[in-house]
Each structure stands twice: as structure tokens, then as C-alpha cells.
file final-v4.csv (CSV, C-alpha atoms)
chain,number,residue,atom,x,y,z
A,1,MET,CA,7.4,-14.0,12.4
A,2,LYS,CA,9.4,-11.7,14.6
A,3,LEU,CA,11.5,-8.6,13.6
A,4,LYS,CA,13.4,-6.6,16.2
A,5,GLY,CA,11.0,-7.6,19.0
A,6,ARG,CA,7.9,-6.9,16.9
A,7,GLU,CA,5.7,-9.9,16.1
A,8,ILE,CA,4.3,-9.8,12.6
A,9,VAL,CA,1.4,-12.1,11.8
A,10,VAL,CA,1.4,-13.4,8.2
A,11,THR,CA,-1.0,-15.6,6.3
A,12,ILE,CA,0.2,-17.9,3.4
A,13,PHE,CA,-2.1,-18.9,0.6
A,14,GLN,CA,-0.7,-22.0,-1.0
A,15,SER,CA,-1.2,-23.0,-4.6
A,16,ASP,CA,-1.5,-26.5,-6.0
A,17,ALA,CA,0.7,-25.7,-8.9
A,18,PRO,CA,2.7,-22.5,-8.0
A,19,VAL,CA,4.4,-20.5,-10.7
A,20,CYS,CA,5.2,-17.4,-8.7
A,21,SER,CA,5.2,-15.9,-5.2
A,22,ILE,CA,3.3,-12.7,-4.5
A,23,VAL,CA,3.6,-10.4,-1.4
A,24,LEU,CA,0.6,-8.2,-0.8
A,25,ALA,CA,1.3,-5.0,1.1
A,26,GLY,CA,-1.9,-3.5,2.5
A,27,ALA,CA,-3.0,0.1,3.1
A,28,ALA,CA,-2.5,1.9,6.4
A,29,GLY,CA,-4.7,0.4,9.1
A,30,VAL,CA,-6.4,-2.1,6.7
A,31,VAL,CA,-6.2,-5.6,8.1
A,32,GLN,CA,-4.9,-8.4,6.0
A,33,ASP,CA,-8.3,-10.2,6.1
A,34,TYR,CA,-9.7,-7.5,3.9
A,35,TYR,CA,-7.5,-8.9,1.1
A,36,ARG,CA,-8.4,-12.5,1.7
A,37,ASP,CA,-10.8,-13.0,-1.3
A,38,PHE,CA,-8.3,-11.5,-3.7
A,39,ALA,CA,-5.4,-13.5,-2.3
A,40,ASP,CA,-7.4,-16.7,-2.5
A,41,TRP,CA,-8.2,-16.0,-6.1
A,42,LEU,CA,-4.6,-15.4,-6.9
A,43,SER,CA,-3.6,-18.7,-5.2
A,44,ARG,CA,-6.1,-20.4,-7.6
A,45,GLN,CA,-4.2,-18.8,-10.5
A,46,GLY,CA,-0.9,-20.5,-9.5
A,47,CYS,CA,0.5,-18.0,-7.0
A,48,VAL,CA,1.8,-18.5,-3.5
A,49,VAL,CA,0.4,-15.4,-1.8
A,50,VAL,CA,1.6,-13.8,1.5
A,51,THR,CA,-0.5,-11.2,3.4
A,52,PHE,CA,0.4,-9.7,6.7
A,53,ASP,CA,-0.5,-7.1,9.3
A,54,TYR,CA,1.9,-4.3,10.1
A,55,SER,CA,2.9,-4.1,13.8
A,56,GLY,CA,0.1,-2.5,15.8
A,57,ILE,CA,-2.5,-3.5,13.3
A,58,GLY,CA,-5.0,-6.4,13.2
A,59,LYS,CA,-3.5,-9.7,14.3
A,60,SER,CA,-0.1,-8.1,14.9
A,61,LEU,CA,-1.4,-5.9,17.7
A,62,LYS,CA,-0.4,-7.3,21.0
A,63,GLY,CA,-1.6,-5.4,24.1
A,64,SER,CA,-2.4,-1.7,24.2
A,65,LEU,CA,-2.0,0.3,21.0
A,66,LYS,CA,-0.5,3.1,23.1
A,67,SER,CA,2.5,0.9,23.8
A,68,VAL,CA,3.3,0.4,20.1
A,69,ASN,CA,6.2,2.5,18.9
A,70,SER,CA,6.1,1.5,15.2
A,71,ASP,CA,6.3,4.2,12.6
A,72,LEU,CA,6.0,4.0,8.8
A,73,LEU,CA,9.7,3.1,8.3
A,74,HIS,CA,9.3,0.2,10.8
A,75,TRP,CA,6.4,-1.0,8.6
A,76,ALA,CA,8.7,-0.8,5.6
A,77,GLU,CA,11.2,-3.0,7.4
A,78,GLU,CA,8.4,-5.5,8.0
A,79,LEU,CA,7.5,-5.5,4.4
A,80,ASP,CA,11.1,-6.1,3.5
A,81,ALA,CA,11.2,-9.1,5.8
A,82,VAL,CA,7.9,-10.5,4.3
A,83,ILE,CA,9.3,-10.1,0.8
A,84,GLN,CA,12.2,-12.3,1.9
A,85,LEU,CA,9.7,-14.8,3.3
A,86,GLY,CA,8.0,-14.8,-0.1
A,87,ARG,CA,11.4,-15.6,-1.7
A,88,ASP,CA,12.0,-18.4,0.8
A,89,LEU,CA,8.6,-19.9,0.1
A,90,SER,CA,9.2,-20.0,-3.7
A,91,PRO,CA,13.0,-20.1,-4.2
A,92,THR,CA,12.7,-21.3,-7.8
A,93,TYR,CA,9.8,-18.9,-8.8
A,94,ARG,CA,9.5,-15.3,-9.6
A,95,VAL,CA,8.6,-13.0,-6.7
A,96,MET,CA,6.2,-10.1,-7.2
A,97,VAL,CA,4.7,-7.5,-4.9
A,98,ILE,CA,1.3,-5.8,-4.9
A,99,GLY,CA,1.0,-2.6,-2.9
A,100,HIS,CA,-2.3,-0.9,-2.0
A,101,SER,CA,-2.2,2.8,-1.1
A,102,LEU,CA,0.4,3.2,1.7
A,103,GLY,CA,1.6,-0.4,1.0
A,104,GLY,CA,2.6,0.8,-2.5
A,105,GLN,CA,4.6,3.6,-1.0
A,106,LEU,CA,6.5,1.4,1.4
A,107,ILE,CA,7.7,-0.9,-1.4
A,108,GLY,CA,10.2,1.8,-2.3
A,109,PHE,CA,11.9,1.6,1.1
A,110,SER,CA,12.5,-2.2,0.8
A,111,LYS,CA,15.9,-3.2,-0.6
A,112,ARG,CA,14.6,-6.6,-1.3
A,113,SER,CA,12.0,-5.2,-3.6
A,114,LEU,CA,14.8,-4.7,-6.1
A,115,GLN,CA,14.9,-8.5,-6.3
A,116,CYS,CA,11.3,-8.7,-7.4
A,117,GLU,CA,10.4,-9.1,-11.0
A,118,ARG,CA,7.3,-7.0,-11.0
A,119,ILE,CA,5.4,-4.5,-8.9
A,120,VAL,CA,1.8,-3.5,-9.1
A,121,LEU,CA,0.6,-0.4,-7.4
A,122,ILE,CA,-3.1,-0.2,-6.6
A,123,ALA,CA,-4.3,3.4,-5.7
A,124,ALA,CA,-0.8,4.1,-4.3
A,125,GLN,CA,-0.1,7.8,-4.1
A,126,SER,CA,1.6,10.7,-2.5
A,127,GLY,CA,-0.5,12.0,0.4
A,128,TYR,CA,0.6,15.6,-0.1
A,129,TRP,CA,-2.5,17.7,0.6
A,130,ARG,CA,-2.1,20.0,-2.4
A,131,HIS,CA,-2.6,17.1,-4.9
A,132,TRP,CA,-6.3,17.5,-4.1
A,133,LYS,CA,-8.6,20.3,-5.4
A,134,GLY,CA,-11.4,22.4,-4.1
A,135,LEU,CA,-13.2,21.2,-1.0
A,136,LYS,CA,-11.2,18.0,-1.0
A,137,ARG,CA,-8.0,20.0,-0.6
A,138,ILE,CA,-9.4,21.9,2.3
A,139,ARG,CA,-10.4,18.6,3.9
A,140,MET,CA,-6.9,17.1,3.4
A,141,PHE,CA,-5.3,20.3,4.8
A,142,PHE,CA,-7.5,20.0,8.0
A,143,THR,CA,-6.8,16.3,8.3
A,144,TRP,CA,-3.0,16.5,8.2
A,145,PHE,CA,-2.4,19.8,9.9
A,146,PHE,CA,-5.0,19.6,12.7
A,147,TRP,CA,-7.2,16.5,13.0
A,148,VAL,CA,-4.6,13.7,12.9
A,149,PRO,CA,-2.0,15.5,15.2
A,150,LEU,CA,-4.7,16.6,17.7
A,151,VAL,CA,-6.4,13.3,18.0
A,152,THR,CA,-3.1,11.4,18.2
A,153,TYR,CA,-1.6,13.6,20.9
A,154,SER,CA,-4.8,13.6,22.9
A,155,LYS,CA,-5.3,9.8,22.8
A,156,GLY,CA,-1.8,8.4,22.5
A,157,TYR,CA,-2.8,6.8,19.2
A,158,PHE,CA,-4.8,7.8,16.2
A,159,SER,CA,-8.5,6.9,16.5
A,160,ALA,CA,-9.9,6.1,13.1
A,161,ILE,CA,-13.5,6.9,13.9
A,162,GLY,CA,-15.0,8.1,10.7
A,163,TYR,CA,-12.9,5.8,8.5
A,164,SER,CA,-14.9,2.6,8.2
A,165,LYS,CA,-12.2,0.7,6.3
A,166,ILE,CA,-9.2,1.3,8.7
A,167,GLU,CA,-8.3,0.5,12.2
A,168,ASP,CA,-6.7,2.8,14.8
A,169,LEU,CA,-3.0,3.6,14.1
A,170,PRO,CA,0.0,3.7,16.4
A,171,ALA,CA,0.9,7.3,17.3
A,172,ASN,CA,4.4,7.3,15.7
A,173,ALA,CA,3.0,6.0,12.4
A,174,ALA,CA,0.1,8.5,12.4
A,175,LEU,CA,2.3,11.5,13.2
A,176,GLN,CA,4.9,10.5,10.6
A,177,TRP,CA,2.2,10.0,8.0
A,178,ALA,CA,0.7,13.5,8.8
A,179,LYS,CA,4.2,15.0,8.5
A,180,TRP,CA,4.7,13.5,5.1
A,181,CYS,CA,1.3,14.7,3.9
A,182,ARG,CA,2.0,18.3,4.9
A,183,HIS,CA,5.2,18.3,2.8
A,184,ARG,CA,5.3,18.8,-1.0
A,185,HIS,CA,8.1,16.3,-1.3
A,186,TYR,CA,6.2,13.8,0.9
A,187,TYR,CA,8.5,11.2,2.4
A,188,TYR,CA,11.6,13.1,1.3
A,189,CYS,CA,11.1,15.4,4.2
A,190,ASP,CA,12.6,12.6,6.3
A,191,LYS,CA,15.4,12.0,3.9
A,192,ASP,CA,18.1,12.1,6.6
A,193,ASN,CA,16.4,9.2,8.4
A,194,PHE,CA,16.1,6.5,5.8
A,195,LYS,CA,17.4,5.1,2.5
A,196,ASN,CA,15.0,4.5,-0.3
A,197,TYR,CA,15.3,2.4,-3.4
A,198,PHE,CA,12.6,3.8,-5.8
A,199,LYS,CA,15.1,4.9,-8.5
A,200,TYR,CA,17.0,1.6,-8.4
A,201,PHE,CA,14.1,-0.7,-9.3
A,202,MET,CA,14.5,-1.8,-13.0
A,203,GLY,CA,11.7,-4.3,-13.4
A,204,ASN,CA,8.2,-3.8,-14.6
A,205,ILE,CA,5.6,-1.7,-12.7
A,206,ILE,CA,1.9,-1.2,-13.4
A,207,ALA,CA,0.4,1.7,-11.5
A,208,VAL,CA,-3.4,1.5,-11.3
A,209,SER,CA,-5.7,4.3,-10.3
A,210,PHE,CA,-9.5,5.0,-10.5
A,211,THR,CA,-11.4,8.1,-11.4
A,212,ASP,CA,-13.8,7.7,-8.4
A,213,ASP,CA,-11.0,7.4,-5.8
A,214,ASP,CA,-11.2,10.4,-3.4
A,215,TYR,CA,-8.1,9.3,-1.6
A,216,ALA,CA,-5.8,8.9,-4.6
A,217,PRO,CA,-6.3,11.5,-7.4
A,218,GLN,CA,-4.4,10.8,-10.6
A,219,ASN,CA,-1.7,13.4,-10.0
A,220,ALA,CA,-1.0,11.9,-6.6
A,221,THR,CA,-0.6,8.4,-8.0
A,222,ASP,CA,1.5,9.8,-10.9
A,223,TRP,CA,3.8,11.4,-8.5
A,224,LEU,CA,4.5,8.2,-6.7
A,225,SER,CA,4.9,6.0,-9.8
A,226,ASP,CA,7.3,8.6,-11.3
A,227,GLN,CA,9.7,8.0,-8.4
A,228,TYR,CA,10.5,4.6,-10.1
A,229,SER,CA,12.5,6.4,-12.7
A,230,ALA,CA,14.5,3.3,-13.9
A,231,ALA,CA,11.5,1.0,-14.1
A,232,VAL,CA,9.5,-0.1,-17.1
A,233,LEU,CA,6.4,1.8,-16.1
A,234,SER,CA,2.8,1.5,-17.3
A,235,LYS,CA,0.0,3.7,-15.8
A,236,LEU,CA,-3.6,2.6,-16.0
A,237,HIS,CA,-6.2,5.1,-15.0
A,238,PHE,CA,-9.7,3.7,-15.1
A,239,HIS,CA,-13.3,4.9,-14.9
A,240,PRO,CA,-15.2,2.1,-13.1
A,241,ALA,CA,-17.5,1.6,-16.2
A,242,GLN,CA,-14.4,0.6,-18.2
A,243,LEU,CA,-14.0,-2.3,-15.8
A,244,GLN,CA,-17.7,-3.2,-15.9
A,245,SER,CA,-18.1,-1.9,-12.3
A,246,LYS,CA,-20.4,0.7,-10.8
A,247,LYS,CA,-17.9,1.8,-8.1
A,248,ILE,CA,-14.3,1.1,-7.1
A,249,GLY,CA,-13.0,4.0,-5.2
A,250,HIS,CA,-10.0,3.6,-3.0
A,251,PHE,CA,-10.8,0.3,-1.4
A,252,GLY,CA,-13.2,-1.4,-3.8
A,253,PHE,CA,-10.7,-3.2,-6.1
A,254,PHE,CA,-10.2,-5.9,-3.5
A,255,LYS,CA,-13.9,-6.5,-2.7
A,256,ARG,CA,-15.6,-9.7,-3.9
A,257,GLY,CA,-18.2,-7.6,-5.7
A,258,ASN,CA,-15.4,-6.5,-8.1
A,259,GLU,CA,-13.9,-9.8,-8.8
A,260,ARG,CA,-14.6,-9.4,-12.5
A,261,VAL,CA,-12.0,-6.6,-12.4
A,262,TRP,CA,-9.2,-8.8,-11.1
A,263,PRO,CA,-8.3,-10.6,-14.4
A,264,LEU,CA,-8.7,-7.4,-16.4
A,265,ILE,CA,-5.9,-5.8,-14.3
A,266,MET,CA,-3.9,-8.9,-13.6
A,267,HIS,CA,-3.6,-10.0,-17.2
A,268,SER,CA,-1.6,-6.8,-17.7
A,269,PHE,CA,0.5,-7.6,-14.7
A,270,PHE,CA,1.3,-11.3,-15.2
A,271,PRO,CA,3.2,-12.8,-18.1
A,272,LEU,CA,1.0,-15.9,-17.7
A,273,ASN,CA,-2.5,-17.0,-18.5
A,274,ILE,CA,-4.6,-16.3,-15.5
A,275,GLY,CA,-8.2,-15.2,-15.1
A,276,SER,CA,-10.3,-18.2,-14.3

call {"tool": "encode", "arguments": {"input": "final-v4.csv", "output": "C-alpha cells"}}
result
Amino acid sequence: MKLKGREIVVTIFQSDAPVCSIVLAGAAGVVQDYYRDFADWLSRQGCVVVTFDYSGIGKSLKGSLKSVNSDLLHWAEELDAVIQLGRDLSPTYRVMVIGHSLGGQLIGFSKRSLQCERIVLIAAQSGYWRHWKGLKRIRMFFTWFFWVPLVTYSKGYFSAIGYSKIEDLPANAALQWAKWCRHRHYYYCDKDNFKNYFKYFMGNIIAVSFTDDDYAPQNATDWLSDQYSAAVLSKLHFHPAQLQSKKIGHFGFFKRGNERVWPLIMHSFFPLNIGS
């Protein structure tokens, strides 16, 4: 699909007997193929699932990354368009959205998210550096005040060397992300440049976080979910052992090795009998 000159590559997982449509908004720099196993499992539970790559990421990267002008708000526009696609694919069914990390943050900038029945946030958080403690706080301070800006300005994009799960990021997206993470009000530091819809969503939200997640401590995930002030909100904070898993962290929920976790979480999310 194309949006304002940007080509966004989507993947649709069809279901033999669909009862709902789900849009999966991925984390920053995480390609949609990372979520394939989870999306395929959802499709077998009766869901039409749509995954996509933000502009400049994965299959949506065309040409040199230095030529990509997308920032985080452009990515939010793309998510908004994909939610409409999810509605078009299943016009008679409920539409739901799952957001991982930054993907969960971007949901609140999508006006079409207000038409979704349910939202699930997986490790979705504020990136403000003071949400961390001790040495982790120092690391986050260095990351957002020095490392990301210096690398991005020197290369013309953010090189993700050292982050095994993410790809390089467009310069505008990386610099805007760093700006948000330096500010105690996070994305509200750009409030004159965008409209958000967090406080207008009145459906059901489940916010899921994990004790062994170094990138999304509980107070950071709580900050984000609390922005949905009108929603019916449930917060689930798990130790991996509670989910019969040794390790989940920030990225592990979607890995095939943790598939036993999926029905445990999604039974809370769906008003239907899934879990096979």
C-alpha cells in the first residue's frame, strides 16, 4: 500500500473461519517477519491478522536509508492506514490492535484506533530515561543524550549495531525518538506538532509487562497505559515463571519458544475461546 508517496509493505494472514481482524504494530526497527509465528497462530484462532513494516524498515525500505525522511509521526500515520485496511478486510467483524513497544505508543496517535474494540499493549512504555534506575538509568541517559544523536548525525541514519533485534533507523525517526526519551513528558514535548487520541479511547485495554524486561520497566509501562484515561484498563505484570517461561524480556513474548504464553495472555484479551 502507498501513503503520501511512502510504500508500506503489509502481510495478511487469512483465517478459515474469521471472527475478528487484528492489526499488529511492531516495535521500532523490528521487521514484521519477527511476528510471523505469533500472527500465524492468531490466524488459526479465527483472526485475520495484518502485519507491516514502517517506512524505511524491512521490506518497506526502498533505496538508501539516508533518503528516508520518515519520523515517528509518519509511522503513526502508516499504522492508522493499516488499521483502516484491517477494517476493510473484515467489515463485519471486530477490529483489534496489538502494539509492541513503540508500536503500542503509536496507537494513541491513530484516530482510527478509536474505532477498535480492544487494544493490547505488549511491553509498550514511555522511553523517558528517568524511568530506569541505577546503572540502567545512566545507560539510558547516555543513549538518548549522546549515542543516538551522535551516531545519527555522523552517518545520516541511526546504525543499530549492538541491538541484535532491530534494524537501522531513519535519521528523523531516531532523532525524534531520542528527543522524546530526554523529556519527562515524553511525546508531549512535540505537542504543537501533532494530535493524539489516547484520552478518547473508551474500549478495553490490556497492558502487559514483564519483570525481566530491561527496556520497559513497570513504571514506564504504567505511564503509557495511564494515558488511556477513559479506557477500561487492565495491567498485567508478569514474572516469566508465572507464564511457565525461563525468559521473556522485551522481545521474547513473540518468539516461538514462548508460544505457551500466548493463550495465557490472549485469553484475557479476547472474548472468545482461543488457545489451541

call {"tool": "closest_atom_pairs", "arguments": {"input": "final-v4.csv", "of": "segment 106-190 of chain A", "to": "segment 235-258 of chain A", "cutoff": "9 Å", "atoms": "all atoms listed in the file", "output": "CSV"}}
result
residue,atom,partner,partner_atom,distance
A:Ile122,CA,A:Phe253,CA,8.2
A:Ala123,CA,A:His250,CA,6.3
A:Lys165,CA,A:Phe251,CA,7.8

call {"tool": "atom_distance", "arguments": {"input": "final-v4.csv", "atom1": "atom CA of Val97 of chain A", "atom2": "atom CA of Leu79 of chain A"}}
result
9.9 Å

call {"tool": "residues_around", "arguments": {"input": "final-v4.csv", "residues": "Gly99 of chain A", "least_positions_apart": "6", "cutoff": "9 Å", "atoms": "only C-alpha atoms", "output": "ChimeraX atom specification"}}
result
/A:23-27,105-107,119-124

call {"tool": "closest_atom_pairs", "arguments": {"input": "final-v4.csv", "of": "segment 20-76 of chain A", "to": "segment 168-189 of chain A", "cutoff": "7 Å", "atoms": "only C-alpha atoms", "output": "tab-separated table"}}
result
residue	atom	partner	partner_atom	distance
A:Gly29	CA	A:Leu169	CA	6.2
A:Gly56	CA	A:Pro170	CA	6.2
A:Leu65	CA	A:Pro170	CA	6.1
A:Lys66	CA	A:Pro170	CA	6.7
A:Val68	CA	A:Pro170	CA	6.0
A:Asn69	CA	A:Asn172	CA	6.0
A:Ser70	CA	A:Asn172	CA	6.1
A:Asp71	CA	A:Ala173	CA	3.8
A:Leu72	CA	A:Ala173	CA	5.1

call {"tool": "residues_near_point", "arguments": {"input": "final-v4.csv", "point": "(3.2, -22.5, -8.4)", "cutoff": "9 Å", "atoms": "only C-alpha atoms", "output": "mmCIF file with C-alpha atoms, keeping the file's coordinate frame"}}
result
data_model
loop_
_atom_site.group_PDB
_atom_site.id
_atom_site.type_symbol
_atom_site.label_atom_id
_atom_site.label_comp_id
_atom_site.auth_asym_id
_atom_site.auth_seq_id
_atom_site.Cartn_x
_atom_site.Cartn_y
_atom_site.Cartn_z
ATOM 1 C CA GLN A 14 -0.700 -22.000 -1.000
ATOM 2 C CA SER A 15 -1.200 -23.000 -4.600
ATOM 3 C CA ASP A 16 -1.500 -26.500 -6.000
ATOM 4 C CA ALA A 17 0.700 -25.700 -8.900
ATOM 5 C CA PRO A 18 2.700 -22.500 -8.000
ATOM 6 C CA VAL A 19 4.400 -20.500 -10.700
ATOM 7 C CA CYS A 20 5.200 -17.400 -8.700
ATOM 8 C CA SER A 21 5.200 -15.900 -5.200
ATOM 9 C CA SER A 43 -3.600 -18.700 -5.200
ATOM 10 C CA GLN A 45 -4.200 -18.800 -10.500
ATOM 11 C CA GLY A 46 -0.900 -20.500 -9.500
ATOM 12 C CA CYS A 47 0.500 -18.000 -7.000
ATOM 13 C CA VAL A 48 1.800 -18.500 -3.500
ATOM 14 C CA SER A 90 9.200 -20.000 -3.700
ATOM 15 C CA TYR A 93 9.800 -18.900 -8.800
#

call {"tool": "atom_distance", "arguments": {"input": "final-v4.csv", "atom1": "atom CA of Ala39 of chain A", "atom2": "atom CA of Thr221 of chain A"}}
result
23.1 Å
